[in-house]
Amino acid sequence: MKNIKLLCAAIAFAPFGLAAAADFDGSKPMLCAAVNLSECSAGIGCESVTADNINAAEFFRIDAKKKTLVVSARNQSRPPQRIERSAETEHLLVLQGSNDGVEGVRDDGLAWSIAIDKISGKMVVTASGDEVAFVIFGACTVI
């Protein structure tokens, strides 16, 4: 947990010159860290959760050129996710995809979207499934 906080602090307090020079347009692979997570359920609302609570990864790698998202959760190996769609606005790189869920667990999978600020590397991940949604705020760095 200490390492996550240090990485997040390093990303958040990087000198502006470094952040502006970083390239978050998808041309280079990125390592992203989940910082704040929320789970929202139909009829119940949203609550803050930890990555462990929802079986999410604290870190994941994005390679927009290869159209892959590599997620590793504790004690669970997952195949790379395919980035099915990508788009850019003036300030955002947007990546989208879906998955069939976790093998052996009754779920219908998730549709997900990642928006990464092309200057700062800050990101928001949204994922939705059957009467559930997740919102993850974090940051990415070029690797």
# chains A, B, ... in the order shown; residues from 1 in each chain; ligands from 1
>>> residues_around(residues="stretch 57-70 of chain A", least_positions_apart="5", cutoff="7 Å", atoms="only C-alpha atoms", output="PyMOL selection string")
chain A and resi 26-34+51+80-83
>>> residues_around(residues="A:Asn36", least_positions_apart="6", cutoff="10 Å", atoms="only C-alpha atoms", output="ChimeraX atom specification")
/A:48-51,58,124,135-138
>>> write_last_selection(atoms="N, CA and C atoms", output="compact mmCIF listing (two decimals), in the first residue's frame")
# COMPACT_ATOMS: atom_id res chain seq x y z
N SER A 48 -17.54 4.19 -1.57
CA SER A 48 -16.10 4.01 -1.79
C SER A 48 -15.72 2.59 -1.44
N VAL A 49 -14.84 2.02 -2.25
CA VAL A 49 -14.37 0.65 -2.04
C VAL A 49 -12.87 0.60 -2.27
N THR A 50 -12.27 -0.52 -1.91
CA THR A 50 -10.87 -0.76 -2.23
C THR A 50 -10.80 -1.67 -3.45
N ALA A 51 -9.65 -1.73 -4.06
CA ALA A 51 -9.46 -2.63 -5.21
C ALA A 51 -9.74 -4.07 -4.80
N GLU A 58 -4.90 -2.80 -8.87
CA GLU A 58 -4.43 -1.49 -8.45
C GLU A 58 -3.58 -0.85 -9.54
N VAL A 124 -9.84 8.51 -15.66
CA VAL A 124 -11.07 8.04 -15.06
C VAL A 124 -11.49 6.80 -15.82
N VAL A 135 -16.49 3.29 -10.79
CA VAL A 135 -15.79 4.49 -11.21
C VAL A 135 -14.44 4.48 -10.50
N ILE A 136 -13.39 4.62 -11.29
CA ILE A 136 -12.03 4.59 -10.73
C ILE A 136 -11.30 5.85 -11.19
N PHE A 137 -10.78 6.60 -10.24
CA PHE A 137 -9.95 7.76 -10.54
C PHE A 137 -8.50 7.37 -10.28
N GLY A 138 -7.61 7.80 -11.13
CA GLY A 138 -6.21 7.46 -10.96
C GLY A 138 -5.33 8.27 -11.89
>>> select_by_dssp(residues="stretch 15-141 of chain A", states="strand (DSSP E)", output="JSON, numbers by chain")
{"A": [30, 31, 32, 33, 34, 35, 36, 37, 38, 39, 40, 41, 45, 46, 47, 48, 49, 59, 60, 61, 62, 63, 68, 69, 70, 71, 72, 73, 76, 77, 81, 82, 85, 86, 87, 88, 92, 93, 94, 95, 96, 97, 98, 99, 110, 111, 112, 113, 114, 115, 116, 117, 122, 123, 124, 125, 126, 127, 128, 129, 132, 133, 134, 135, 136, 137, 138, 139, 140, 141]}
>>> residues_around(residues="A:Arg85", least_positions_apart="6", cutoff="10 Å", atoms="only C-alpha atoms", output="VMD selection string")
chain A and resid 64 67 94 to 97 113
>>> closest_residue(among="A:Ser72, A:Glu39, A:Leu110, A:Ile116", to="A:Ser86", atoms="only C-alpha atoms")
A:Ile116
>>> closest_residue(among="A:Asp117, A:Glu47, A:Asp108, A:Asp130", to="A:Leu93", atoms="only C-alpha atoms")
A:Asp117
>>> closest_residue(among="A:Pro79, A:Asn53, A:Ala111, A:Glu88", to="A:Ser128", atoms="only C-alpha atoms")
A:Ala111
>>> residues_around(residues="A:Val132", least_positions_apart="4", cutoff="7 Å", atoms="only C-alpha atoms", output="mmCIF file with N, CA and C atoms, in the first residue's frame")
data_model
loop_
_atom_site.group_PDB
_atom_site.id
_atom_site.type_symbol
_atom_site.label_atom_id
_atom_site.label_comp_id
_atom_site.auth_asym_id
_atom_site.auth_seq_id
_atom_site.Cartn_x
_atom_site.Cartn_y
_atom_site.Cartn_z
ATOM 1 N N CYS A 40 -21.206 1.384 -7.598
ATOM 2 C CA CYS A 40 -22.579 1.880 -7.588
ATOM 3 C C CYS A 40 -23.519 0.741 -7.951
ATOM 4 N N SER A 41 -24.555 0.558 -7.154
ATOM 5 C CA SER A 41 -25.546 -0.491 -7.406
ATOM 6 C C SER A 41 -26.912 0.146 -7.605
ATOM 7 N N ALA A 42 -27.689 -0.425 -8.520
ATOM 8 C CA ALA A 42 -29.028 0.089 -8.804
ATOM 9 C C ALA A 42 -29.876 0.074 -7.532
ATOM 10 N N SER A 128 -19.398 -0.783 -16.474
ATOM 11 C CA SER A 128 -20.782 -1.067 -16.083
ATOM 12 C C SER A 128 -21.180 -2.459 -16.532
#
>>> decode(residues="stretch 31-70 of chain A", atoms="N, CA and C atoms", output="short mmCIF file (atom, residue, chain, number, x, y, z; two decimals), in the first residue's frame")
data_model
loop_
_atom_site.label_atom_id
_atom_site.label_comp_id
_atom_site.auth_asym_id
_atom_site.auth_seq_id
_atom_site.Cartn_x
_atom_site.Cartn_y
_atom_site.Cartn_z
N LEU A 31 1.66 2.80 -17.71
CA LEU A 31 1.31 2.10 -16.48
C LEU A 31 0.36 3.01 -15.73
N CYS A 32 -0.79 2.47 -15.34
CA CYS A 32 -1.81 3.27 -14.66
C CYS A 32 -2.08 2.72 -13.27
N ALA A 33 -2.37 3.62 -12.35
CA ALA A 33 -2.64 3.25 -10.96
C ALA A 33 -4.04 3.72 -10.57
N ALA A 34 -4.79 2.83 -9.95
CA ALA A 34 -6.11 3.17 -9.41
C ALA A 34 -5.91 3.83 -8.05
N VAL A 35 -6.53 4.98 -7.84
CA VAL A 35 -6.35 5.72 -6.59
C VAL A 35 -7.64 5.73 -5.76
N ASN A 36 -8.73 6.21 -6.33
CA ASN A 36 -10.03 6.24 -5.65
C ASN A 36 -11.01 5.39 -6.45
N LEU A 37 -11.71 4.48 -5.75
CA LEU A 37 -12.64 3.58 -6.41
C LEU A 37 -14.01 3.68 -5.78
N SER A 38 -15.05 3.60 -6.61
CA SER A 38 -16.42 3.59 -6.12
C SER A 38 -17.20 2.49 -6.83
N GLU A 39 -18.12 1.89 -6.10
CA GLU A 39 -19.04 0.90 -6.66
C GLU A 39 -20.45 1.44 -6.51
N CYS A 40 -21.21 1.38 -7.60
CA CYS A 40 -22.58 1.88 -7.59
C CYS A 40 -23.52 0.74 -7.95
N SER A 41 -24.56 0.56 -7.15
CA SER A 41 -25.55 -0.49 -7.41
C SER A 41 -26.91 0.15 -7.60
N ALA A 42 -27.69 -0.42 -8.52
CA ALA A 42 -29.03 0.09 -8.80
C ALA A 42 -29.88 0.07 -7.53
N GLY A 43 -30.51 1.19 -7.24
CA GLY A 43 -31.40 1.29 -6.08
C GLY A 43 -30.70 1.48 -4.76
N ILE A 44 -29.38 1.38 -4.75
CA ILE A 44 -28.63 1.50 -3.49
C ILE A 44 -27.79 2.77 -3.48
N GLY A 45 -27.14 3.08 -4.60
CA GLY A 45 -26.26 4.24 -4.68
C GLY A 45 -24.82 3.81 -4.78
N CYS A 46 -23.92 4.75 -4.49
CA CYS A 46 -22.49 4.50 -4.64
C CYS A 46 -21.79 4.55 -3.29
N GLU A 47 -20.71 3.78 -3.20
CA GLU A 47 -19.89 3.80 -1.99
C GLU A 47 -18.43 3.61 -2.37
N SER A 48 -17.54 4.19 -1.57
CA SER A 48 -16.10 4.01 -1.79
C SER A 48 -15.72 2.59 -1.44
N VAL A 49 -14.84 2.02 -2.25
CA VAL A 49 -14.37 0.65 -2.04
C VAL A 49 -12.87 0.60 -2.27
N THR A 50 -12.27 -0.52 -1.91
CA THR A 50 -10.87 -0.76 -2.23
C THR A 50 -10.80 -1.67 -3.45
N ALA A 51 -9.65 -1.73 -4.06
CA ALA A 51 -9.46 -2.63 -5.21
C ALA A 51 -9.74 -4.07 -4.80
N ASP A 52 -9.32 -4.45 -3.61
CA ASP A 52 -9.57 -5.82 -3.13
C ASP A 52 -11.07 -6.10 -2.98
N ASN A 53 -11.84 -5.11 -2.52
CA ASN A 53 -13.28 -5.29 -2.34
C ASN A 53 -13.99 -5.71 -3.61
N ILE A 54 -13.53 -5.18 -4.74
CA ILE A 54 -14.21 -5.43 -6.00
C ILE A 54 -13.37 -6.28 -6.97
N ASN A 55 -12.30 -6.87 -6.45
CA ASN A 55 -11.43 -7.72 -7.26
C ASN A 55 -10.86 -6.97 -8.46
N ALA A 56 -10.49 -5.72 -8.24
CA ALA A 56 -9.92 -4.89 -9.30
C ALA A 56 -8.41 -4.81 -9.13
N ALA A 57 -7.75 -4.47 -10.19
CA ALA A 57 -6.30 -4.30 -10.15
C ALA A 57 -5.96 -2.90 -9.65
N GLU A 58 -4.90 -2.80 -8.87
CA GLU A 58 -4.43 -1.49 -8.45
C GLU A 58 -3.58 -0.85 -9.54
N PHE A 59 -2.98 -1.68 -10.38
CA PHE A 59 -2.17 -1.22 -11.50
C PHE A 59 -2.55 -1.98 -12.76
N PHE A 60 -2.44 -1.33 -13.89
CA PHE A 60 -2.64 -2.02 -15.16
C PHE A 60 -1.84 -1.30 -16.24
N ARG A 61 -1.52 -2.05 -17.29
CA ARG A 61 -0.74 -1.51 -18.39
C ARG A 61 -1.62 -1.33 -19.61
N ILE A 62 -1.42 -0.22 -20.29
CA ILE A 62 -2.15 0.08 -21.51
C ILE A 62 -1.16 0.22 -22.65
N ASP A 63 -1.42 -0.47 -23.73
CA ASP A 63 -0.65 -0.28 -24.96
C ASP A 63 -1.67 0.00 -26.06
N ALA A 64 -1.95 1.28 -26.29
CA ALA A 64 -2.98 1.67 -27.26
C ALA A 64 -2.59 1.27 -28.67
N LYS A 65 -1.30 1.29 -28.99
CA LYS A 65 -0.85 0.88 -30.32
C LYS A 65 -1.17 -0.59 -30.59
N LYS A 66 -0.94 -1.44 -29.57
CA LYS A 66 -1.21 -2.87 -29.71
C LYS A 66 -2.66 -3.21 -29.36
N LYS A 67 -3.40 -2.19 -28.91
CA LYS A 67 -4.81 -2.34 -28.52
C LYS A 67 -4.99 -3.37 -27.40
N THR A 68 -4.12 -3.27 -26.38
CA THR A 68 -4.22 -4.20 -25.25
C THR A 68 -4.22 -3.45 -23.92
N LEU A 69 -4.95 -4.04 -23.00
CA LEU A 69 -5.03 -3.59 -21.62
C LEU A 69 -4.70 -4.81 -20.78
N VAL A 70 -3.60 -4.76 -20.03
CA VAL A 70 -3.18 -5.89 -19.23
C VAL A 70 -3.47 -5.59 -17.77
#
